[in-house]
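Report on the structure given below.
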Amino acid sequence: MALMYGKEKDAEHEIEQASDPGFVSFFSKLPKKSPETGTVRLFDRGDFYSTHGSDALFVAANVFRTNSVIKHLGSRAAGGGLASVTLSRTLAHAFLREALTARQLRVEIWVPAPGQGKKAAKFVLDKEASPGNLQPVEDLLFGNTDVLSAPIVMALRLSTTPAVDKTRTKGVGIAYADTSTRELGVADFVDNDLFSNTESLIIQLSVKEALIPTGTISGNTDRDLDLNKLKAVFERCGVIVTERKPSDFTGKNVEDHLQRLLPAPSADSSSDPQQLETPPGASAALGALISYLGLASDPANEGAYILRTHDLARYMRLDASALRALNLTEVPGSGGSINKNATLLGLLNKCKTAQGTRLLGTWLKQPLVNLHEIRQRQNLVEVFVNDANGRRTLQDEYLKYMPDMHRISKRFKKSNASLEDVVRVYQVTLKMAGLLETLETLDIEDDEYKALIKELYLGPLQQFNENLSKYGEMVEQTLDLSELDNHNYAIRPDYDPRLQELAEKLMEIRDGLDEQHRDAGNDLRLELDKKLHLENSQQYGYCFRLTKNDAKVMMKNKKYIELGTIKSGVFFTTKKLKEFSGDFQETTAEYGRAQSGLVKEVVSIASTYTPVLESLDMVLAHLDVITSFAHVSMNAPEPYVKPIVSEKGASGLVLKDARHPCLEVQDDISFIPNDVEMAKDEGEFLIITGPNMGGKSTYIRQVGVIALMAQIGCFVPCSEARMPIFDSILCRVGAGDNQLKGVSTFMAEMLETASILRSASKDSLIIIDELGRGTSTYDGFGLAWAISEHIASEIRAFCMFATHFHELTALDQELKHVKNLHVVAHVSQEAQSSTQDQDITLLYKVEPGVSDQSFGIHVARLANFPENVVKLAKRKADELEDFNTTRTDQQFSEEVTQQGVELVEELLRKFASSSKQDGEDVMMDDPTPEEQLEELKRCVEEFRPRIDANPWVQSLLTSL
């Protein structure tokens with residue numbers, strides 16, 4: 001840090017020298033922008049960058065974490081001066097990378113106005129970038145980085161559609177762009193009031209930025225309301241919103257732009273003309289997107305893009321809540337400082353390539369719903385599970401050394417590739433033969449699996465190997481491969497006659513330099529390299545150097561010319577050495593110019609292989625993810641199993657010894673597996689009760705994680721697994737409030753639940769955890785009951801509902817396909833009868849039935865609450881506890897209850913009549929209380945057989 005601060009100090013000195021009132025005045029007239037509004041503005045001053053105003057305060061707090069780096073420009077008396085912070089170029093690039101990817105901020109880079117240097121007073125905007133559009137700064141920030149998640153930016157246009165069953169629906173036109181792969185996409189669909197389908201599409205595509213029309217339309221309150229709802233969806237999904245003029249959202253000129261951006265249609269292709277046919281809504285959004293990204297104005301994009309139509313129904317639908325609940329890519333509130341195995345992406349990512357990691361991230365958000373595709377992936381994973389040696393060989397000897405050919409291809413397309421890129425592709429060609437041989441010798445007994453490996457891997461890779469054979473020959477003929485070990489990337493001298501001539505001349509000059517070195521050593525009687533050094537100085541060229549003490553021997557010799565003296569010694573030369581040095585510099589420059597032309601030629605030839613490299617990249621990424629799945633499946637604490645997946649609407653879900661894959665690998669955790677069984681029309685709706693910290697949330701979430709793993713083609717953490725295909729996983733597990741947006745915890749909870757009720761189908765998997773806690777007990781229970789009953793009776797989806805509303809368990813008396821489960825807690829016999837501390841052991845096992853208490857007060861004691869607070873809580877809970885009474889009225893059928901009432905009435909009549917008769921025998925004196933009690937006991941014993949046969953009466957007597 002000391003060196004960095006030293007550099008920053010030099011930059012501060014320079015900016016202070018440049019801080020005339022002109023820049024301060026110029027800056028004050030710029031539009032006000034700050035990190036709080038999502039934009040950071042940097043000024044490029046050549047050797048460093050500067051930030052000013054609120055941006056400077058932001059950089060000081062988040063980069064340097066100290067205010068000591070802040071300097072003030074201008075007059076302090078005029079308001080304290082302009083706060084300024086400088087950043088070295090390396091530090092600035094790292095900050096910009098974090099701002100665009102992690103912090104989701106926009107960036108502006110300003111450069112000096114024409115004719116002004118780094119001490120400029122006026123600047124012009126040079127580059128603008130956003131999380132969805134990294135094109136302008138991509139080479140600047142990611143030139144040496146292979147791993148880069150694709151930044152997707154989308155545009156959205158709404159249209160009205162006729163109401164169906166009095167329900168408002170919205171037509172949504174979507175266009176999206178992935179500039180890293182040069183891909184455009186469109187989608188057109190109908191959505192509900194809560195924009196559930198739009199949210200699913202955002203999740204599937206990992207959208208970073210969204211363009212929507214700005215402003216309001218007078219009198220069009222519905223449109224304004226819809227835009228506000230959309231903004232809420234974007235915020236929930238972590239998407240930055242960019243507003244554009246409504247006039248940008250037109251289909252005008254879109255067809256012309258597409259003709260320029262898309263490849264020319266081939267004569268034998270029947271599908272190419274259809275590429276220009278886009279739905280009107282999507283076409284308008286596409287116009288806004290092309291304009292925002294400036295795609296049509298860049299000649300490099302001509303014929304480089306492809307256009308796809310995104311089908312929402314092709315993948316499982318996930319909402320933002322499901323992403324958080326299942327911990328797919330991040331753990332809420334972790335701040336990034338957490339074990340990577342805490343997320344499913346981190347757990348499954350044993351990929352060896354950057355492209356494999358990117359593909360895995362895409363698969364996690366796009367689980368398949370096509371049974372054939374799911375089984376195909378599972379069969380591939382099974383191949384590498386069964387042949388562990390082949391898998392390890394592929395991962396450690398081949399995939400590990402594969403570069404990110406997607407990024408190399410992009411550099412080829414932009415004509416800024418280097419010889420290093422050419423060499424990295426050449427190294428791939430050297431690995432291809434061994435990769436193919438390993439795939440061919442995999443231990444596969446099933447002919448179907450062999451055909452699958454050949455179809456997806458061997459066939460394409462053999463074709464790529466043939467196509468790249470000429471590439472390998474070209475590199476071997478043109479590049480000096482002997483220099484690769486020294487990380488020198490150069491053209492072979494014998495590749496070109498002129499280059500060969502210059503190389504020979506350089507050799508002669510080097511020989512002359514060595515001869516001069518020997519002659520000077522003999523003349524001065526100094527040992528070469530130990531005393532007399534021949535050096536190529538940046539200032540003097542080739543010259544001699546001696547220490548100050550040794551330099552005395554040449555001072556009186558006139559043929560030696562002193563050049564300068566520094567701490568390390570004295571530099572000197574001779575007339576002959578000076579000539580050789582000049583010749584060397586001239587010849588080296590000429591050699592560099594000659595080689596530069598040849599490098600461009602070689603890179604140009606290599607760039608023609610870009611289509612092959614892009615296709616090869618996709619095959620290697622697929623192979624990498626499949627082998628990663630197999631690696632994780634076999635190296636888990638208990639090996640995963642291949643799930644049996646059935647078509648949608650299959651009769652049930654059965655998981656034996658199910659485990660949460662992320663939890664079981666955490667340190668110091670011995671995971672307790674549980675069975676899960678859900679059957680259509682028998683037990684499709686499960687209500688789970690039990691003590692706090694007993695494992696309810698883990699139990700229901702692991703089902704969602706396992707279902708998702710199965711539908712991306714991975715094995716699952718069970719001893720046996722059978723399940724149907726789910727069209728969506730919808731979750732309501734915990735909700736955070738946002739006071740700045742006016743959204744309370746309970747409102748957030750209700751919005752998520754409303755989205756579930758509107759978008760779930762009978763083929764969905766619904767996971768609900770502790771619904772209704774954000775309001776009063778009575779309102780919460782009422783909502784929980786109504787929502788549960790609606791899901792169970794109307795939607796009929798598979799649903800797991802964890803709750804502390806024990807009254808909700810009575811739903812199983814009304815609907816036969818509702819089942820009650822509870823997590824087990826062992827309470828010692830002493831604790832059951834004690835009014836003091838309870839000795840409770842959480843067993844984390846799930847069994848049929850109902851739990852009658854939550855042990856919340858016990859958890860408070862574990863949290864070291866003051867004892868007087870715990871005792872008061874216990875006393876108040878006992879006073880308010882009416883669950884048993886309520887349960888008495890709810891858990892028995894009408895027939896049993898009616899028989900019980902008649903039995904009690906008969907018992908009381910018998911008691912009353914017998915008391916009256918006894919009273920007459922003692923001369924009309926009233927019987928004593930002791931006598932009445934004895935008589936009541938006698939009547940109860942007389943009715944005992946009938947009482948024991950009626951549970952309602954037993955429950956009544958127990959409560960009394």
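How things are named: the first chain in the structure tokens is A, the next is B, and so on; residues count from 1 in each chain; ligands count from 1 in the order shown.
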
So that I can check the surroundings of segment 120-122 of chain A, please list as a PyMOL selection string every protein, DNA and RNA residue that reaches within 6 Å of it, counting only C-alpha atoms and ignoring chain neighbours fewer than 3 positions away. chain A and resi 22-23+112-113+116-117

Report the residues of segment 568-776 of chain A whose backbone DSSP state falls under helix (DSSP H, G or I), written as an NGL selection string. :A and (575-607 or 610-635 or 696-711 or 739-741 or 745-759)

Atom CA of Leu289 of chain A to atom CA of Ala177 of chain A, straight-line distance in Å: 7.7 Å

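Each of A:Cys718, A:Leu534, A:Val239, A:Leu686 was checked against Leu655 of chain A using only C-alpha atoms; the smallest atom-to-atom distance is that of A:Cys718.
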
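Remark: for Leu663 of chain A, the closest of the candidate residues A:Val186, A:Leu623, A:Met723, A:Leu344 is A:Leu344 (distances computed over only C-alpha atoms).
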
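Between atom CA of Ala650 of chain A and atom CA of Val703 of chain A the interatomic distance comes to 16.4 Å.
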
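With only C-alpha atoms as the atoms that count, the minimum distance from Phe464 of chain A to the choices A:Gly582, A:Pro367, A:Pro848, A:Pro611 is reached by A:Pro611.
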
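Separating atom CA of Ser761 of chain A from atom CA of His372 of chain A is a distance of 21.9 Å.
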